[in-house]
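For reference, the structure is listed below as structure tokens.
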Amino acid sequence: MTSTSIIDSALQRSRRSFLKSGLAGGAALMAGSAAARAAGDPLITEIQDWNRYPGDGVDAAPYGQPSQFEAEVVRRDVPWLTADPISSINFTPLHELDGIITPNGLCFERHHGGKAVIAPADHRIIINGMVDTPLVFTMEDLKRFPRENRIYFLECAANSGMEWRGAQLNGCQFTHGMVHCVMYTGVPLRYLLAEAGVKPGGSWLLAEGADASAMTRSIPMDKALDDCLVAFKMNGEALRPEQGYPVRLVVPGWEGNMWVKWLRRLEVGDAPWAQREETSKYTDLMPDGKARRHTFLMDVKSVITSPSPQAPVTHGKGPLVITGLAWSGGGRISRVDVTIDGGRNWRTARIDGPSLPKALHRFYLEIDWDGSEMFLQSRAIDEDGYVQPTKDALRAVRGVNSIYHNNGIQTWQVRTDGMVENVEIS
Ligand code: MTE
Ligand code: CO
């Protein structure tokens with residue numbers, strides 16, 4: 001059998017048997033170039049320096065860093081987006097990541113008054129307002145409450161906000177990179193509220209940050225008592241300073257702005273407060289000129305992370321792994337569909353890894369690329385049956401005055417040379 005016919009016959013098998021055959025199937029698909037290499041690739045036939053000489057010892061890096069060959073895997077900002085880096089944003093390099101967990105050093109940052117630096121011994125959290133007993137907790141106090149571990153995505157309401165009027169930024173890092181997903185360790189907020197004793201009629205909570213922006217948001221008491229956490233660890237280690245060290249609020253499934261970092265105050269009240277971040281900002285201006293307020297939930301959304309503009313196809317036609325992320329503030333993702341022809345035909349992608357409520361889901365679709373132009377899209381459906389809308393469907397309801405809550409279907413054009421561009425098709 002020639003190498004081409006080996007590949008062809010492998011591809012003629014059904015998707016089902018391909019998936020069943022697992023590694024063996026994958027190996028057969030790659031057989032052509034892999035067999036050629038076995039005939040004399042110096043990287044396998046000759047001893048290399050790293051194979052000959054010992055490397056650094058265990059004392060070289062007390063806190064480990066990524067490989068030097070991964071130097072491109074970094075957060076990036078877009079300088080023209082904001083007037084100043086102190087009230088600005090950088091983006092998670094989604095195109096370089098896999099699985100569902102975002103490494104701590106790559107979680108996007110959004111600060112309104114720069115990154116506060118607070119020694120844990122100097123940090124306090126006060127609970128006041130409509131409570132029986134106002135309380136002030138130290139970090140040590142906090143760590144004496146029962147704690148829980150939960151994996152959640154955090155998405156800024158402004159994620160994809162630059163794309164409302166058309167395709168603009170060339171890379172999923174920039175169009176969708178205001179999302180991250182980590183495991184938080186923290187104390188359920190209801191334990192702290194119970195300790196202070198919420199007075200009858202206490203139906204809202206004000207969360208305030210200790211940073212220079214004193215970020216302040218109103219949160220309905222039902223949500224506070226449901227699944228919110230006062231978190232001090234992410235992915236097992238202390239919160240990063242960028243993420244609110246020593247403590248932040250976790251508001252699962254709701255817009256990132258409410259996840260107050262450097263949390264210093266919780267006030268119980270009987271109505272929302274109408275702070276800046278819930279009036280002039282984080283409201284959605286509708287076509288009739290009225291603004292929607294309190295649009296807390298992050299709706300069902302997905303994006304193909306590879307191929308994408310920063311992750312072009314460099315290996316030519318043949319086996320190609322399409323992968324991406326899906327999430328919903330409403331719960332789990334039940335299905336992700338992928339199209340390679342701009343929405344004419346859809347195939348169900350394979351969700352792999354944990355499927356947790358209000359967490360990122362990883363999906364894959366393995367295809368045999370014939371080398372022709374593709375228009376890639378993904379469409380997520382959550383467990384409540386909500387289907388991610390097209391951008392046109394979204395605009396039909398919301399108009400184009402919005403910044404926040406753009407969960408429309410993203411299109412990537414893959415050209416015949418493998419280069420990828422952010423486009424829209426109608
Ligand atoms: N909390 C404080 N104290 N100050 C802030 O500027 N930014 C908010 C929120 N909490 C902010 C804050 C916004 S808009 C978002 S999207 C998230 O934090 C971002 O969290 P991250 O920086 O950990 O990604
Ligand atoms: Co935000």
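Ordering of the structure tokens sets the chain letters (A, B, ...), residue numbers begin anew at 1 in every chain, and ligands are numbered from 1 in the order given.
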According to DSSP computed on the backbone, where in segment 33-100 of chain A is there strand (DSSP E or B)? Give the residues as JSON, numbers by chain. {"A": [76, 88, 89, 91]}
Save the residues we just selected, N, CA and C atoms, as a compact mmCIF listing (two decimals), in the first residue's frame?
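Listing of part39.txt after writing:
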```txt
# COMPACT_ATOMS: atom_id res chain seq x y z
N ARG A 76 -2.03 39.33 26.15
CA ARG A 76 -1.72 40.48 25.29
C ARG A 76 -2.79 41.55 25.48
N SER A 88 -7.77 49.14 32.19
CA SER A 88 -7.68 48.48 30.89
C SER A 88 -7.84 46.97 31.04
N ILE A 89 -7.42 46.29 30.00
CA ILE A 89 -7.67 44.85 29.92
C ILE A 89 -6.56 44.19 29.13
N PHE A 91 -5.71 39.99 27.50
CA PHE A 91 -6.54 38.87 27.05
C PHE A 91 -5.84 37.52 27.22
```
Write out as CSV a residue-level contact list of chain A versus ligand 1 with cut-off 8 Å: for each qualifying residue the closest pair of atoms and the distance in Å to one decimal, counting only C-alpha atoms and all ligand atoms, rows sorted by chain and residue number upward.
```
residue,atom,partner,partner_atom_place_in_ligand_line,distance
A:Ser87,CA,ligand 1,6 (O),7.3
A:Ile89,CA,ligand 1,22 (O),7.9
A:Cys107,CA,ligand 1,24 (O),5.9
A:Phe108,CA,ligand 1,24 (O),4.6
A:Glu109,CA,ligand 1,22 (O),3.4
A:Arg110,CA,ligand 1,22 (O),4.1
A:His111,CA,ligand 1,6 (O),3.5
A:His112,CA,ligand 1,6 (O),3.7
A:Gly113,CA,ligand 1,6 (O),5.9
A:Gly114,CA,ligand 1,6 (O),7.1
A:Lys115,CA,ligand 1,6 (O),7.9
A:Leu154,CA,ligand 1,24 (O),7.0
A:Glu155,CA,ligand 1,16 (S),6.1
A:Cys156,CA,ligand 1,16 (S),3.6
A:Ala157,CA,ligand 1,16 (S),6.6
A:Ala158,CA,ligand 1,16 (S),7.5
A:Met178,CA,ligand 1,24 (O),7.0
A:Val179,CA,ligand 1,24 (O),7.1
A:His180,CA,ligand 1,24 (O),6.9
A:Glu208,CA,ligand 1,3 (N),6.8
A:Gly209,CA,ligand 1,3 (N),3.9
A:Ala210,CA,ligand 1,3 (N),6.1
A:Asp211,CA,ligand 1,3 (N),5.3
A:Ala212,CA,ligand 1,4 (N),7.9
A:Ser213,CA,ligand 1,4 (N),6.0
A:Ala214,CA,ligand 1,3 (N),5.8
A:Met215,CA,ligand 1,3 (N),4.6
A:Thr216,CA,ligand 1,3 (N),7.5
A:Glu242,CA,ligand 1,22 (O),5.8
A:Gln243,CA,ligand 1,23 (O),3.8
A:Gly244,CA,ligand 1,23 (O),6.7
A:Arg248,CA,ligand 1,1 (N),7.7
A:Glu255,CA,ligand 1,16 (S),7.0
A:Gly256,CA,ligand 1,16 (S),3.9
A:Asn257,CA,ligand 1,13 (C),3.6
A:Met258,CA,ligand 1,9 (C),5.9
A:Trp259,CA,ligand 1,10 (N),4.8
A:Val260,CA,ligand 1,1 (N),3.7
A:Lys261,CA,ligand 1,1 (N),3.8
A:Trp262,CA,ligand 1,3 (N),5.3
A:Leu263,CA,ligand 1,3 (N),6.5
```
With N, CA and C atoms retained, could you export that selection as a compact mmCIF listing (two decimals), in the first residue's frame?
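result_12.txt written:
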```
# COMPACT_ATOMS: atom_id res chain seq x y z
N SER A 87 -6.64 51.52 33.71
CA SER A 87 -8.02 51.09 33.59
C SER A 87 -8.13 50.41 32.23
N ILE A 89 -7.42 46.29 30.00
CA ILE A 89 -7.67 44.85 29.92
C ILE A 89 -6.56 44.19 29.13
N CYS A 107 -4.49 34.03 33.05
CA CYS A 107 -5.85 34.53 33.20
C CYS A 107 -5.88 36.02 32.82
N PHE A 108 -6.79 36.39 31.93
CA PHE A 108 -6.86 37.80 31.52
C PHE A 108 -7.05 38.68 32.75
N GLU A 109 -6.63 39.94 32.63
CA GLU A 109 -6.76 40.89 33.73
C GLU A 109 -7.64 42.04 33.31
N ARG A 110 -8.51 42.45 34.19
CA ARG A 110 -9.32 43.64 33.96
C ARG A 110 -9.30 44.46 35.24
N HIS A 111 -8.62 45.58 35.18
CA HIS A 111 -8.57 46.48 36.34
C HIS A 111 -9.15 47.82 35.95
N HIS A 112 -9.86 48.43 36.91
CA HIS A 112 -10.38 49.79 36.69
C HIS A 112 -9.52 50.83 37.38
N GLY A 113 -8.63 50.39 38.27
CA GLY A 113 -7.75 51.35 38.96
C GLY A 113 -6.39 50.72 39.22
N GLY A 114 -5.94 49.89 38.28
CA GLY A 114 -4.66 49.20 38.46
C GLY A 114 -4.78 48.05 39.45
N LYS A 115 -3.66 47.33 39.61
CA LYS A 115 -3.61 46.14 40.46
C LYS A 115 -3.23 46.55 41.87
N LEU A 154 -15.03 32.71 34.37
CA LEU A 154 -15.33 34.13 34.60
C LEU A 154 -15.23 34.79 33.24
N GLU A 155 -16.32 35.41 32.79
CA GLU A 155 -16.28 36.13 31.52
C GLU A 155 -16.65 37.59 31.77
N CYS A 156 -15.82 38.50 31.27
CA CYS A 156 -16.14 39.92 31.33
C CYS A 156 -17.35 40.15 30.43
N ALA A 157 -18.29 40.98 30.89
CA ALA A 157 -19.47 41.28 30.08
C ALA A 157 -19.07 41.90 28.74
N ALA A 158 -17.89 42.53 28.70
CA ALA A 158 -17.43 43.20 27.47
C ALA A 158 -16.70 42.26 26.52
N MET A 178 -11.49 37.44 27.02
CA MET A 178 -11.84 37.95 28.35
C MET A 178 -12.61 36.89 29.10
N VAL A 179 -12.08 35.68 29.06
CA VAL A 179 -12.68 34.57 29.81
C VAL A 179 -11.55 33.73 30.37
N HIS A 180 -11.75 33.23 31.57
CA HIS A 180 -10.84 32.23 32.12
C HIS A 180 -11.63 31.28 32.99
N GLU A 208 -17.76 45.54 47.66
CA GLU A 208 -16.85 46.65 47.36
C GLU A 208 -15.40 46.18 47.42
N GLY A 209 -14.59 46.65 46.48
CA GLY A 209 -13.17 46.29 46.42
C GLY A 209 -12.31 47.29 47.15
N ALA A 210 -11.09 46.83 47.53
CA ALA A 210 -10.16 47.70 48.26
C ALA A 210 -9.17 48.38 47.31
N ASP A 211 -9.36 48.24 46.00
CA ASP A 211 -8.43 48.85 45.05
C ASP A 211 -8.77 50.32 44.83
N ALA A 212 -7.95 51.00 44.04
CA ALA A 212 -8.13 52.44 43.83
C ALA A 212 -9.44 52.76 43.12
N SER A 213 -10.03 51.77 42.41
CA SER A 213 -11.31 52.03 41.74
C SER A 213 -12.49 51.78 42.68
N ALA A 214 -12.20 51.18 43.84
CA ALA A 214 -13.26 50.81 44.80
C ALA A 214 -14.47 50.20 44.07
N MET A 215 -14.18 49.28 43.18
CA MET A 215 -15.23 48.60 42.40
C MET A 215 -16.40 48.19 43.30
N THR A 216 -17.60 48.59 42.93
CA THR A 216 -18.77 48.35 43.79
C THR A 216 -19.95 47.86 42.95
N GLU A 242 -3.09 39.93 40.40
CA GLU A 242 -3.94 40.43 39.32
C GLU A 242 -5.39 39.99 39.50
N GLN A 243 -5.59 38.87 40.18
CA GLN A 243 -6.95 38.32 40.32
C GLN A 243 -7.56 38.66 41.68
N GLY A 244 -6.92 39.57 42.44
CA GLY A 244 -7.56 40.08 43.64
C GLY A 244 -6.95 39.64 44.97
N ARG A 248 -11.18 37.43 46.68
CA ARG A 248 -12.13 37.97 45.71
C ARG A 248 -13.48 37.28 45.86
N GLU A 255 -21.80 38.11 35.16
CA GLU A 255 -20.76 38.89 34.49
C GLU A 255 -19.57 39.19 35.41
N GLY A 256 -18.37 39.14 34.79
CA GLY A 256 -17.12 39.24 35.53
C GLY A 256 -17.02 40.46 36.41
N ASN A 257 -17.66 41.54 35.99
CA ASN A 257 -17.58 42.79 36.75
C ASN A 257 -18.06 42.64 38.19
N MET A 258 -18.96 41.67 38.43
CA MET A 258 -19.52 41.50 39.77
C MET A 258 -18.57 40.71 40.69
N TRP A 259 -17.55 40.09 40.09
CA TRP A 259 -16.62 39.26 40.86
C TRP A 259 -15.58 40.18 41.50
N VAL A 260 -16.01 40.93 42.49
CA VAL A 260 -15.16 41.99 43.06
C VAL A 260 -13.84 41.41 43.61
N LYS A 261 -12.74 42.01 43.13
CA LYS A 261 -11.40 41.60 43.57
C LYS A 261 -11.01 42.44 44.78
N TRP A 262 -10.03 41.98 45.51
CA TRP A 262 -9.56 42.68 46.73
C TRP A 262 -10.77 43.05 47.60
N LEU A 263 -11.67 42.08 47.78
CA LEU A 263 -12.96 42.31 48.45
C LEU A 263 -12.77 42.85 49.87
```
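Minimum atom-to-atom distances from A:Val420, A:Ile409, A:Ile101, A:Met298 to ligand 2 were compared using only C-alpha atoms and all ligand atoms, and the lowest value belongs to A:Met298.
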